[in-house]
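**Q** Just dropping this structure here.
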2 protein chains.
Amino acid sequence: MSSKGIVKRSEDFSKWYNELVLKADLAEHSDVRGCMIIKPYGYAIWEKIKDQLDIMFKETGHQNAYFPLLIPKSYLSKEAAHVEGFAKECAVVTHYRLKNSEDGTGVIVDPEAKLEEELIIRPTSETIIWNTYKKWIQSYRDLPILVNQWANVVRWEMRTRLFLRTSEFLWQEGHTAHATKIEAVEETEKMLEVYAQFVQEFMAVPVIKGVKSENERFAGAEETYCIEALMQDGKALQAGTSHFLGQNFAKAFDVTFADKEGNKNHVWATSWGVSTRLMGALVMTHSDDKGLVLPPKLAPIQVVIVPIYKNEDQLLEISEYANSLIKELKSLNISVKFDNDDNKKPGWKFAEYEMKGVPLRIAIGPRDMENQTVELARRDNLSKSTVSQLDLPNLLLETLNLIQNDLFTRSSLFLKENTYSANSIDQMIEILDAKGGFIEAFWNGDSKSEHKIKELTKATIRCIPLNENQTGNCILTGEPNSKKVIFARAY
Amino acid sequence: MSSKGIVKRSEDFSKWYNELVLKADLAEHSDVRGCMIIKPYGYAIWEKIKDQLDIMFKETGHQNAYFPLLIPKSYLSKEAAHVEGFAKECAVVTHYRLKNSEDGTGVIVDPEAKLEEELIIRPTSETIIWNTYKKWIQSYRDLPILVNQWANVVRWEMRTRLFLRTSEFLWQEGHTAHATKIEAVEETEKMLEVYAQFVQEFMAVPVIKGVKSENERFAGAEETYCIEALMQDGKALQAGTSHFLGQNFAKAFDVTFADKEGNKNHVWATSWGVSTRLMGALVMTHSDDKGLVLPPKLAPIQVVIVPIYKNEDQLLEISEYANSLIKELKSLNISVKFDNDDNKKPGWKFAEYEMKGVPLRIAIGPRDMENQTVELARRDNLSKSTVSQLDLPNLLLETLNLIQNDLFTRSSLFLKENTYSANSIDQMIEILDAKGGFIEAFWNGDSKSEHKIKELTKATIRCIPLNENQTGNCILTGEPNSKKVIFARAY
């Protein structure tokens with residue numbers, strides 16, 4: 001029963017994150033460079049994220065499918081920008097067989113089993129999917145295609161952090177095909193909205209919606225829409241992207257359709273994705289020095305019941321009540337755990353469920369049984385109160401909703417309080433060094449300026465916010481009529 | 001609107017299968033050797049399989065987790081039998097970067113980005129998981145570990161068939177760790193029971209439960225339990241396996257635990273899996289010359305409504321009724337599609353939904369509206385009847401249940417009628433050549449006999465049935481007290 005304490009956020013935010021992810025049993029590093037193991041508790045949260053997103057994708061007319069893990073090397077070269085963006089960081093399969101080594105000590109790669117063309121483990125699936133859509137699309141009647149896939153992808157990374165940047169990660173990638181540009185742009189924006197809604201309503205993480213500057217666009221996209229969140233340390237995290245791909249992939253893979261008049265046109269495309277990176281955003285938005293804080297809508301266990309007892313009789317009495325309570329909570333779709341493990345002390349259990357971010361803790365002792373009360377503790381604000389057993393299930397339901405809302409209110413306030421305006425590079429640096437945050441500033445739209453600002457401030461343009469028409473003087477060059485954008489130092 | 005006809009089963013069963021899988025939009029080959037694309041309709045069925053199994057795994061106390069796709073080559077060598085079974089057919093990652101070719105025509109593997117140790121794409125995950133369990137397990141308090149993972153795996157295959165044998169396939173793999181042998185054996189048997197229950201109750205596919213002979217065991221297992229199904233062409237298909245791994249992997253990866261007395265012991269293990277191969281079993285058990293036949297419990301669309309009309313007014317009237325029916329069906333959790341596509345004729349639609357195996361089809365014309373009736377067609381037995389609109393939702397619900405049961409009754413009868421006894425090798429060959437099927441026969445338990453029988457008959461021992469105590473004379477050697485086993489030619 002080692003202490004599960006973690007370093008404080010104020011001391012070392014990065015270390016705090018690493019320790020929390022390990023001690024809350026979310027994930028750990030594997031022996032394979034950059035590949036993580038998602039532990040059952042962490043995976044249970046990811047499953048909740050996945051299930052809810054899947055519902056939302058289906059409600060917006062999408063179907064799931066599955067495309068191959070391996071992509072012929074030559075496919076990557078077909079779209080010029082795409083290959084620049086992705087070919088550099090790929091895991092390459094060159095052989096298909098091992099054999100026993102001659103000295104009998106192990107296995108070696110069989111040189112005779114060399115592939116004619118190397119295969120790449122998908123870093124993203126546009127190329128193999130558009131190579132397939134070519135066969136699926138002939139006529140306007142075959143459009144739109146609204147397909148999503150849940151999959152693992154690999155992008156070789158030298159410096160990795162659990163959930164935030166790993167060589168292998170889990171994600172979903174939507175790939176849609178449309179007859180018109182308008183429809184494709186609408187789809188791109190619709191999916192950004194779905195992401196924003198999910199992240200805000202379920203993760204309780206507020207986001208700014210916008211589009212990326214050309215520099216930060218997805219390799220092969222004409223426009224990349226994104227949602228950007230702000231972590232407690234003042235650094236930004238890109239939480240999801242939705243790409244309008246124009247006709248780039250349709251042209252690269254020669255995908256055309258006959259319209260009603262029989263004319264052939266190239267198809268319009270979108271792709272959009274979120275990944276296990278969302279787990280990192282979830283952790284870094286809400287958690288505290290005692291461990292994880294989870295929004296009730298994504299908590300694998302929403303309520304934990306801890307009995308306090310000195311003898312078997314007391315435990316028996318408490319268990320009887322707990323079991324009837326559990327029944328009622330299940331009928332309200334509240335997930336509950338009764339931890340009657342006799343090997344562990346209540347104090348240990350309290351710390352454990354705080355570390356794991358269980359939103360509500362109920363403690364019941366003999367005195368409570370006498371008074372028909374329980375002690376109710378909220379994980380988010382650490383408040384405790386003694387409440388009546390009468391109508392407790394409804395109180396718990398209401399309190400879970402309250403916590404969900406309070407977390408969003410708190411994180412929204414944090415975002416607001418940490419969004420600043422800057423009129424000069426010096427001022428931007430000063431704010432970023434002192435507190436981090438989102439910096440609203442004007443930018444002349446030029447890539448060179450963008451690079452220069454990044455060089456000077458270590459901040460990137462997170463996005464050009466949607467529906468933002470304000471203009472002003474460029475923070476670098478002073479040019480008038482520059483557009484307002486959001487800068488931040490980012491994960 | 002090309003004809004969707006497929007070759008008859010009686011003409012060429014194998015071709016019938018291939019055509020059906022393509023024309024029912026279940027899956028197709030990709031350009032990557034042996035890797036398939038699972039199309040949305042096929043994936044929707046797989047999702048139903050997955051969701052139901054996942055519920056059953058969780059009901060039996062399992063949690064999901066996720067382990068790396070890539071395994072260091074040396075891990076495979078740690079368990080002697082395992083490396084023999086799996087190392088030969090692996091996709092090997094040797095490099096982690098591509099670069100532009102010097103002539104500018106494409107990308108080539110960067111020779112400077114060679115991995116120190118090659119990585120294998122997991123063919124199964126015992127090695128990487130037991131390397132992880134070593135860190136998770138110290139004391140008996142850490143046991144049991146009951147973990148499952150849904151994942152893709154790659155086993156290089158030269159001859160592939162959609163769903164039945166593909167280089168990449170989707171599956172789940174359970175990996176459990178226990179303090180005692182008894183508990184591990186119980187787990188192995190419990191999961192076989194879960195598989196049998198799922199395959200019989202949801203897929204309506206009857207199975208024989210048994211254990212494999214030593215030859216057919218999983219590489220690294222002490223005992224492999226399996227469920228075996230019989231396809232319409234008389235060939236057997238292994239539908240799921242559950243392995244008792246003894247202490248083999250615990251010893252290979254040095255995983256021990258301290259028991260209550262503080263003594264160190266090696267941990268006991270199981271693993272169990274089913275894959276997208278189940279899709280093949282589903283197709284080949286129920287489908288017919290008109291296409292797919294799906295058990296209602298796994299059908300993405302359970303009821304399709306086709307309007308028959310000559311003008312807008314008639315369509316409007318039918319649509320109004322259809323919409324109210326849809327509402328009622330949804331409240332009964334029946335999935336329904338109203339196909340009012342004006343570009344396609346009813347006859348085309350009938351053929352299409354027959355091909356896709358939609359269990360119930362409702363056709364409604366103006367005459368039906370007058371008479372308050374509909375035409376109801378069952379996909380499984382192709383029967384049609386005119387039924388009242390009154391209380392139709394309940395009739396549909398009952399009929400879906402009836403179809404589910406009828407399919408299982410029919411396939412069970414088929415299995416029974418195609419299970420034969422044979423007393424001599426010649427008789428076995430005669431039966432197998434004429435009709436295929438399961439052959440019950442006695443076997444002396446010797447590997448050499450098993451190989452010889454396979455050589456003579458092309459049949460393998462599918463399993464040694466559980467709870468089978470009958471003994472007799474070995475079909476090859478005539479030795480008495482030989483045990484009864486099931487032979488078949490198999491997929």
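Labels used: A, B, ... for chains in the order of the structure tokens, numbers from 1 for residues in each chain, and numbers from 1 for ligands as shown.
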I need the contact residues of chain A against chain B, so if you could list those with any atom within 8 Å, counting only C-alpha atoms, and return them as a PDB file with C-alpha atoms, in the first residue's frame, that would help.

**A**
ATOM      1  CA  SER A  30       5.467  -0.209 -23.153  1.00  0.00           C
ATOM      2  CA  VAL A  32       8.195  -0.620 -27.615  1.00  0.00           C
ATOM      3  CA  CYS A  35       3.781   2.764 -27.941  1.00  0.00           C
ATOM      4  CA  MET A  36       1.592   2.949 -24.860  1.00  0.00           C
ATOM      5  CA  ILE A  37      -0.481   0.420 -22.975  1.00  0.00           C
ATOM      6  CA  ILE A  38      -3.947   1.731 -22.179  1.00  0.00           C
ATOM      7  CA  LYS A  39      -4.895   0.147 -18.859  1.00  0.00           C
ATOM      8  CA  PRO A  40      -8.444  -1.034 -18.117  1.00  0.00           C
ATOM      9  CA  GLY A  42      -8.098   4.408 -18.842  1.00  0.00           C
ATOM     10  CA  TYR A  43      -9.643   2.294 -21.568  1.00  0.00           C
ATOM     11  CA  ALA A  44     -13.042   2.407 -19.845  1.00  0.00           C
ATOM     12  CA  GLN A  63     -21.629   4.417 -41.111  1.00  0.00           C
ATOM     13  CA  ASN A  64     -18.548   2.593 -39.901  1.00  0.00           C
ATOM     14  CA  ALA A  65     -16.305   0.501 -42.137  1.00  0.00           C
ATOM     15  CA  TYR A  66     -12.783  -0.877 -41.958  1.00  0.00           C
ATOM     16  CA  PHE A  67      -9.830  -0.360 -44.297  1.00  0.00           C
ATOM     17  CA  PRO A  68      -6.416  -2.063 -44.286  1.00  0.00           C
ATOM     18  CA  LEU A  69      -3.715  -1.281 -41.736  1.00  0.00           C
ATOM     19  CA  LEU A  70      -1.041  -1.492 -44.421  1.00  0.00           C
ATOM     20  CA  ILE A  71      -0.646   0.923 -47.321  1.00  0.00           C
ATOM     21  CA  PRO A  72       1.588   0.386 -50.365  1.00  0.00           C
ATOM     22  CA  LYS A  73       4.449   2.850 -50.234  1.00  0.00           C
ATOM     23  CA  SER A  74       3.637   4.261 -53.677  1.00  0.00           C
ATOM     24  CA  SER A  77       3.419   9.674 -53.212  1.00  0.00           C
ATOM     25  CA  ALA A  87       6.033   9.918 -45.445  1.00  0.00           C
ATOM     26  CA  LYS A  88       8.755  11.020 -43.092  1.00  0.00           C
ATOM     27  CA  GLU A  89       7.490   9.393 -39.930  1.00  0.00           C
ATOM     28  CA  CYS A  90       6.233   5.991 -41.032  1.00  0.00           C
ATOM     29  CA  ALA A  91       6.731   2.462 -39.788  1.00  0.00           C
ATOM     30  CA  VAL A  92       7.856   0.492 -42.838  1.00  0.00           C
ATOM     31  CA  VAL A  93       7.154  -3.214 -43.347  1.00  0.00           C
ATOM     32  CA  THR A  94       9.820  -4.697 -45.616  1.00  0.00           C
ATOM     33  CA  HIS A  95       9.582  -8.451 -44.920  1.00  0.00           C
ATOM     34  CA  TYR A  96       6.878 -11.009 -44.255  1.00  0.00           C
ATOM     35  CA  ARG A  97       8.702 -13.827 -42.535  1.00  0.00           C
ATOM     36  CA  LEU A  98      11.174 -14.645 -39.794  1.00  0.00           C
ATOM     37  CA  LYS A  99      13.250 -17.792 -39.522  1.00  0.00           C
ATOM     38  CA  GLY A 106      16.457 -16.810 -31.704  1.00  0.00           C
ATOM     39  CA  VAL A 107      14.772 -15.647 -34.869  1.00  0.00           C
ATOM     40  CA  VAL A 109      14.387 -11.747 -40.593  1.00  0.00           C
ATOM     41  CA  THR A 132     -11.079   2.283 -52.739  1.00  0.00           C
ATOM     42  CA  VAL A 147     -17.944   6.620 -43.744  1.00  0.00           C
ATOM     43  CA  TRP A 156       6.943   7.538 -35.659  1.00  0.00           C
ATOM     44  CA  GLU A 168       0.753   4.313 -32.062  1.00  0.00           C
TER      45      GLU A 168
END

**Q** Could you pull out the strand (DSSP E) residues of region 90-123 of chain A from DSSP and send them as JSON, numbers by chain?

**A** {"A": [92, 93, 94, 95, 98, 99, 100, 107, 108, 109, 114, 115, 116, 117, 118, 119, 120, 121]}

**Q** Within 8 Å of region 16-22 of chain B, counting only C-alpha atoms, which residues show up once you throw out same-chain ones fewer than 3 positions away? Write them as a ChimeraX atom specification, please.

**A** /B:6-9,12-13,25-28,161-162,283-284,289,291-292,355

**Q** Put those residues in a file: N, CA and C atoms, as a PDB file, in the first residue's frame.

**A**
ATOM      1  N   ILE B   6     -26.178 -14.537 -58.366  1.00  0.00           N
ATOM      2  CA  ILE B   6     -24.926 -15.202 -58.003  1.00  0.00           C
ATOM      3  C   ILE B   6     -25.035 -16.663 -58.408  1.00  0.00           C
ATOM      4  N   VAL B   7     -23.903 -17.303 -58.549  1.00  0.00           N
ATOM      5  CA  VAL B   7     -23.877 -18.711 -58.923  1.00  0.00           C
ATOM      6  C   VAL B   7     -24.557 -19.533 -57.825  1.00  0.00           C
ATOM      7  N   LYS B   8     -25.117 -20.689 -58.202  1.00  0.00           N
ATOM      8  CA  LYS B   8     -25.809 -21.529 -57.218  1.00  0.00           C
ATOM      9  C   LYS B   8     -24.818 -22.280 -56.322  1.00  0.00           C
ATOM     10  N   ARG B   9     -25.236 -22.510 -55.082  1.00  0.00           N
ATOM     11  CA  ARG B   9     -24.392 -23.278 -54.161  1.00  0.00           C
ATOM     12  C   ARG B   9     -24.056 -24.653 -54.736  1.00  0.00           C
ATOM     13  N   ASP B  12     -21.170 -24.335 -57.497  1.00  0.00           N
ATOM     14  CA  ASP B  12     -19.812 -24.038 -57.036  1.00  0.00           C
ATOM     15  C   ASP B  12     -19.919 -23.273 -55.720  1.00  0.00           C
ATOM     16  N   PHE B  13     -19.833 -24.014 -54.618  1.00  0.00           N
ATOM     17  CA  PHE B  13     -20.071 -23.416 -53.310  1.00  0.00           C
ATOM     18  C   PHE B  13     -19.077 -22.297 -53.016  1.00  0.00           C
ATOM     19  N   ASP B  25     -22.438  -6.653 -50.358  1.00  0.00           N
ATOM     20  CA  ASP B  25     -21.709  -5.502 -49.817  1.00  0.00           C
ATOM     21  C   ASP B  25     -21.132  -5.754 -48.432  1.00  0.00           C
ATOM     22  N   LEU B  26     -20.636  -6.964 -48.226  1.00  0.00           N
ATOM     23  CA  LEU B  26     -20.041  -7.267 -46.921  1.00  0.00           C
ATOM     24  C   LEU B  26     -18.569  -6.856 -46.878  1.00  0.00           C
ATOM     25  N   ALA B  27     -17.825  -7.231 -47.899  1.00  0.00           N
ATOM     26  CA  ALA B  27     -16.379  -6.949 -47.901  1.00  0.00           C
ATOM     27  C   ALA B  27     -15.841  -7.077 -49.299  1.00  0.00           C
ATOM     28  N   GLU B  28     -14.627  -6.587 -49.505  1.00  0.00           N
ATOM     29  CA  GLU B  28     -13.954  -6.765 -50.790  1.00  0.00           C
ATOM     30  C   GLU B  28     -12.451  -6.818 -50.558  1.00  0.00           C
ATOM     31  N   ARG B 161      -9.049 -15.700 -48.324  1.00  0.00           N
ATOM     32  CA  ARG B 161     -10.458 -15.618 -48.708  1.00  0.00           C
ATOM     33  C   ARG B 161     -11.143 -14.658 -47.760  1.00  0.00           C
ATOM     34  N   LEU B 162     -11.998 -13.816 -48.296  1.00  0.00           N
ATOM     35  CA  LEU B 162     -12.649 -12.779 -47.493  1.00  0.00           C
ATOM     36  C   LEU B 162     -13.243 -13.377 -46.213  1.00  0.00           C
ATOM     37  N   VAL B 283     -22.320 -16.442 -42.876  1.00  0.00           N
ATOM     38  CA  VAL B 283     -22.738 -16.490 -44.294  1.00  0.00           C
ATOM     39  C   VAL B 283     -22.965 -17.933 -44.727  1.00  0.00           C
ATOM     40  N   MET B 284     -21.997 -18.801 -44.426  1.00  0.00           N
ATOM     41  CA  MET B 284     -22.034 -20.155 -44.988  1.00  0.00           C
ATOM     42  C   MET B 284     -23.012 -21.088 -44.280  1.00  0.00           C
ATOM     43  N   ASP B 289     -29.258 -19.337 -52.455  1.00  0.00           N
ATOM     44  CA  ASP B 289     -28.885 -18.918 -53.816  1.00  0.00           C
ATOM     45  C   ASP B 289     -29.357 -17.515 -54.168  1.00  0.00           C
ATOM     46  N   GLY B 291     -28.935 -15.075 -51.946  1.00  0.00           N
ATOM     47  CA  GLY B 291     -28.052 -14.173 -51.206  1.00  0.00           C
ATOM     48  C   GLY B 291     -27.987 -14.486 -49.725  1.00  0.00           C
ATOM     49  N   LEU B 292     -27.703 -13.451 -48.985  1.00  0.00           N
ATOM     50  CA  LEU B 292     -27.493 -13.570 -47.545  1.00  0.00           C
ATOM     51  C   LEU B 292     -28.809 -13.887 -46.826  1.00  0.00           C
ATOM     52  N   MET B 355     -30.781 -10.157 -51.334  1.00  0.00           N
ATOM     53  CA  MET B 355     -29.326 -10.322 -51.384  1.00  0.00           C
ATOM     54  C   MET B 355     -28.696  -9.934 -50.047  1.00  0.00           C
TER      55      MET B 355
END

**Q** Using only C-alpha atoms, which protein or nucleic acid residues come within 7 Å of Ala490 (chain A)? Drop anything in the same chain fewer than 4 positions from it, and give the result as a CSV table (one decimal) with N, CA and C atoms, in the first residue's frame.

**A**
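What landed in around.csv:
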chain,number,residue,atom,x,y,z
A,235,LYS,N,-1.2,26.1,-21.7
A,235,LYS,CA,-0.8,25.7,-23.0
A,235,LYS,C,-2.0,25.2,-23.8
A,236,ALA,N,-2.0,25.4,-25.1
A,236,ALA,CA,-3.2,25.0,-25.9
A,236,ALA,C,-3.0,23.6,-26.3
A,237,LEU,N,-4.2,22.9,-26.6
A,237,LEU,CA,-4.2,21.6,-27.1
A,237,LEU,C,-5.2,21.5,-28.2

**Q** Quick one, how far is CA of Leu325 (chain B) from CA of Asp368 (chain B)?

**A**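 Atom-to-atom, CA of Leu325 (chain B) and CA of Asp368 (chain B) are spaced 14.3 Å apart.
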
**Q** Identify all residues of region 258-370 of chain A in helix (DSSP H, G or I) (DSSP on the backbone) and supply them as a CSV table (one decimal) with N, CA and C atoms, in the first residue's frame.

**A**
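The new file selection_9.csv reads:
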chain,number,residue,atom,x,y,z
A,277,ARG,N,-5.7,11.3,-27.8
A,277,ARG,CA,-5.2,12.6,-27.3
A,277,ARG,C,-6.2,13.3,-26.5
A,278,LEU,N,-7.5,13.1,-26.8
A,278,LEU,CA,-8.6,13.7,-26.0
A,278,LEU,C,-8.4,13.3,-24.5
A,279,MET,N,-7.9,12.1,-24.2
A,279,MET,CA,-7.7,11.7,-22.9
A,279,MET,C,-6.7,12.6,-22.1
A,280,GLY,N,-5.7,13.1,-22.9
A,280,GLY,CA,-4.8,14.1,-22.3
A,280,GLY,C,-5.5,15.4,-22.0
A,281,ALA,N,-6.3,15.8,-22.9
A,281,ALA,CA,-7.1,17.1,-22.7
A,281,ALA,C,-8.0,16.9,-21.5
A,282,LEU,N,-8.6,15.8,-21.4
A,282,LEU,CA,-9.5,15.5,-20.2
A,282,LEU,C,-8.8,15.7,-18.9
A,283,VAL,N,-7.6,15.0,-18.8
A,283,VAL,CA,-6.8,15.0,-17.6
A,283,VAL,C,-6.4,16.4,-17.3
A,284,MET,N,-5.8,17.1,-18.3
A,284,MET,CA,-5.2,18.4,-18.0
A,284,MET,C,-6.1,19.5,-17.8
A,285,THR,N,-7.4,19.3,-18.1
A,285,THR,CA,-8.4,20.4,-17.9
A,285,THR,C,-8.9,20.4,-16.5
A,286,HIS,N,-9.2,19.2,-16.0
A,286,HIS,CA,-10.0,19.2,-14.7
A,286,HIS,C,-9.2,18.7,-13.5
A,296,PRO,N,-18.9,13.6,-14.8
A,296,PRO,CA,-19.7,12.4,-14.6
A,296,PRO,C,-20.1,11.6,-15.8
A,297,LYS,N,-20.3,12.4,-16.9
A,297,LYS,CA,-20.8,11.7,-18.2
A,297,LYS,C,-19.7,10.8,-18.7
A,298,LEU,N,-18.5,10.9,-18.3
A,298,LEU,CA,-17.4,10.0,-18.8
A,298,LEU,C,-16.8,9.2,-17.8
A,312,GLU,N,-18.3,-7.3,11.9
A,312,GLU,CA,-19.1,-8.0,10.9
A,312,GLU,C,-20.5,-7.5,10.9
A,313,ASP,N,-21.1,-7.4,12.1
A,313,ASP,CA,-22.5,-7.0,12.2
A,313,ASP,C,-22.8,-5.6,11.5
A,314,GLN,N,-21.9,-4.7,11.8
A,314,GLN,CA,-22.0,-3.3,11.3
A,314,GLN,C,-21.9,-3.4,9.7
A,315,LEU,N,-20.9,-4.2,9.3
A,315,LEU,CA,-20.7,-4.3,7.8
A,315,LEU,C,-22.0,-4.9,7.2
A,316,LEU,N,-22.5,-5.9,7.9
A,316,LEU,CA,-23.7,-6.5,7.3
A,316,LEU,C,-24.9,-5.6,7.2
A,317,GLU,N,-25.1,-4.8,8.2
A,317,GLU,CA,-26.2,-3.8,8.2
A,317,GLU,C,-26.0,-2.8,7.1
A,318,ILE,N,-24.7,-2.3,7.0
A,318,ILE,CA,-24.4,-1.3,5.9
A,318,ILE,C,-24.6,-1.9,4.5
A,319,SER,N,-24.1,-3.1,4.4
A,319,SER,CA,-24.2,-3.8,3.1
A,319,SER,C,-25.6,-3.9,2.6
A,320,GLU,N,-26.5,-4.2,3.6
A,320,GLU,CA,-27.9,-4.4,3.2
A,320,GLU,C,-28.4,-3.1,2.6
A,321,TYR,N,-28.1,-2.0,3.3
A,321,TYR,CA,-28.6,-0.7,2.8
A,321,TYR,C,-27.9,-0.4,1.5
A,322,ALA,N,-26.6,-0.6,1.4
A,322,ALA,CA,-25.9,-0.3,0.2
A,322,ALA,C,-26.4,-1.1,-1.0
A,323,ASN,N,-26.8,-2.3,-0.8
A,323,ASN,CA,-27.3,-3.1,-1.9
A,323,ASN,C,-28.6,-2.6,-2.4
A,324,SER,N,-29.5,-2.1,-1.5
A,324,SER,CA,-30.7,-1.6,-2.0
A,324,SER,C,-30.5,-0.3,-2.7
A,325,LEU,N,-29.6,0.5,-2.2
A,325,LEU,CA,-29.2,1.8,-2.9
A,325,LEU,C,-28.7,1.5,-4.3
A,326,ILE,N,-27.8,0.5,-4.4
A,326,ILE,CA,-27.2,0.2,-5.7
A,326,ILE,C,-28.3,-0.1,-6.7
A,327,LYS,N,-29.3,-0.9,-6.3
A,327,LYS,CA,-30.4,-1.3,-7.1
A,327,LYS,C,-31.1,0.0,-7.7
A,328,GLU,N,-31.4,0.9,-6.8
A,328,GLU,CA,-32.1,2.1,-7.2
A,328,GLU,C,-31.2,2.9,-8.1
A,329,LEU,N,-29.9,3.0,-7.8
A,329,LEU,CA,-29.0,3.8,-8.7
A,329,LEU,C,-28.9,3.2,-10.1
A,330,LYS,N,-28.9,1.9,-10.1
A,330,LYS,CA,-28.8,1.2,-11.5
A,330,LYS,C,-30.0,1.5,-12.3
A,331,SER,N,-31.2,1.6,-11.6
A,331,SER,CA,-32.4,1.9,-12.4
A,331,SER,C,-32.4,3.3,-12.9
A,346,PRO,N,-10.6,2.5,5.1
A,346,PRO,CA,-11.3,3.6,4.5
A,346,PRO,C,-10.5,4.7,3.9
A,347,GLY,N,-9.5,5.1,4.7
A,347,GLY,CA,-8.6,6.2,4.3
A,347,GLY,C,-7.9,5.9,3.0
A,348,TRP,N,-7.4,4.7,2.9
A,348,TRP,CA,-6.7,4.3,1.7
A,348,TRP,C,-7.7,4.3,0.5
A,349,LYS,N,-8.9,3.8,0.8
A,349,LYS,CA,-9.9,3.8,-0.3
A,349,LYS,C,-10.3,5.3,-0.7
A,350,PHE,N,-10.4,6.1,0.2
A,350,PHE,CA,-10.7,7.5,-0.1
A,350,PHE,C,-9.7,8.1,-1.1
A,351,ALA,N,-8.4,7.9,-0.7
A,351,ALA,CA,-7.3,8.4,-1.5
A,351,ALA,C,-7.3,7.8,-2.9
A,352,GLU,N,-7.6,6.5,-3.0
A,352,GLU,CA,-7.6,5.8,-4.2
A,352,GLU,C,-8.7,6.3,-5.2
A,353,TYR,N,-9.9,6.5,-4.6
A,353,TYR,CA,-11.0,7.0,-5.5
A,353,TYR,C,-10.9,8.5,-5.8
A,354,GLU,N,-10.2,9.2,-5.0
A,354,GLU,CA,-9.8,10.6,-5.4
A,354,GLU,C,-8.8,10.6,-6.5
A,355,MET,N,-7.8,9.7,-6.4
A,355,MET,CA,-6.9,9.6,-7.5
A,355,MET,C,-7.5,9.2,-8.8
A,366,PRO,N,-21.8,3.3,11.3
A,366,PRO,CA,-22.9,2.9,12.2
A,366,PRO,C,-23.7,4.1,12.6
A,367,ARG,N,-23.1,5.2,12.9
A,367,ARG,CA,-23.8,6.4,13.3
A,367,ARG,C,-24.7,6.9,12.2
A,368,ASP,N,-24.2,6.8,10.9
A,368,ASP,CA,-25.1,7.1,9.8
A,368,ASP,C,-26.3,6.2,9.7
A,369,MET,N,-26.1,4.9,9.9
A,369,MET,CA,-27.2,4.0,9.8
A,369,MET,C,-28.2,4.3,10.9
A,370,GLU,N,-27.8,4.7,12.1
A,370,GLU,CA,-28.7,5.1,13.1
A,370,GLU,C,-29.5,6.3,12.7

**Q** Would you mind listing what lies within 12 Å of Lys454 (chain A) as a PyMOL selection string, with only C-alpha atoms counted and same-chain residues fewer than 3 positions away left out?

**A** chain A and resi 215+425+428-429+447-451+457-462+476+487-490

**Q** Enter the distance from CA of Arg361 (chain A) to CA of Val199 (chain A), in Å, rounded to one decimal.

**A** 25.0 Å

**Q** Quick one: residues within 12 Å of Glu187 (chain B), only C-alpha atoms, excluding same-chain residues fewer than 2 positions away - as a VMD selection string?

**A** chain B and resid 57 60 to 62 144 to 147 174 to 185 189 to 194 225 242 to 246 268 to 272

**Q** Env of Lys483 (chain B): 9 Å cut, atoms = only C-alpha atoms, seq-sep filter 6 positions within chain, self excluded. Answer as a compact mmCIF listing (two decimals) with N, CA and C atoms, in the first residue's frame.

**A**
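So the final result, stored in part_6.txt, reads:
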# COMPACT_ATOMS: atom_id res chain seq x y z
N ALA B 441 -15.54 -40.91 -35.00
CA ALA B 441 -14.75 -42.14 -35.14
C ALA B 441 -13.82 -42.25 -33.94
N PHE B 442 -13.25 -43.41 -33.75
CA PHE B 442 -12.34 -43.60 -32.62
C PHE B 442 -10.89 -43.44 -33.08
N TRP B 443 -10.09 -42.93 -32.16
CA TRP B 443 -8.70 -42.60 -32.49
C TRP B 443 -7.83 -42.96 -31.30
N ASN B 444 -6.68 -43.53 -31.59
CA ASN B 444 -5.84 -44.07 -30.50
C ASN B 444 -5.04 -43.00 -29.74
N GLY B 445 -5.23 -41.74 -30.12
CA GLY B 445 -4.57 -40.67 -29.35
C GLY B 445 -3.15 -40.40 -29.79
N ILE B 464 -11.99 -33.26 -29.77
CA ILE B 464 -12.37 -34.36 -28.91
C ILE B 464 -13.53 -33.81 -28.08
N GLU B 468 -17.48 -36.68 -23.42
CA GLU B 468 -17.65 -37.84 -24.30
C GLU B 468 -16.77 -38.95 -23.74
N ASN B 469 -17.39 -40.01 -23.24
CA ASN B 469 -16.60 -41.07 -22.61
C ASN B 469 -16.54 -42.36 -23.41
N GLN B 470 -17.29 -42.38 -24.50
CA GLN B 470 -17.37 -43.61 -25.28
C GLN B 470 -15.98 -43.99 -25.84
N THR B 471 -15.66 -45.23 -25.83
CA THR B 471 -14.40 -45.69 -26.43
C THR B 471 -14.70 -46.80 -27.44
N GLY B 472 -13.74 -47.08 -28.30
CA GLY B 472 -13.92 -48.12 -29.31
C GLY B 472 -12.61 -48.40 -30.02
N ASN B 473 -12.67 -49.03 -31.15
CA ASN B 473 -11.44 -49.39 -31.88
C ASN B 473 -11.00 -48.26 -32.79
N CYS B 474 -9.70 -47.95 -32.74
CA CYS B 474 -9.15 -46.87 -33.55
C CYS B 474 -9.43 -47.11 -35.03
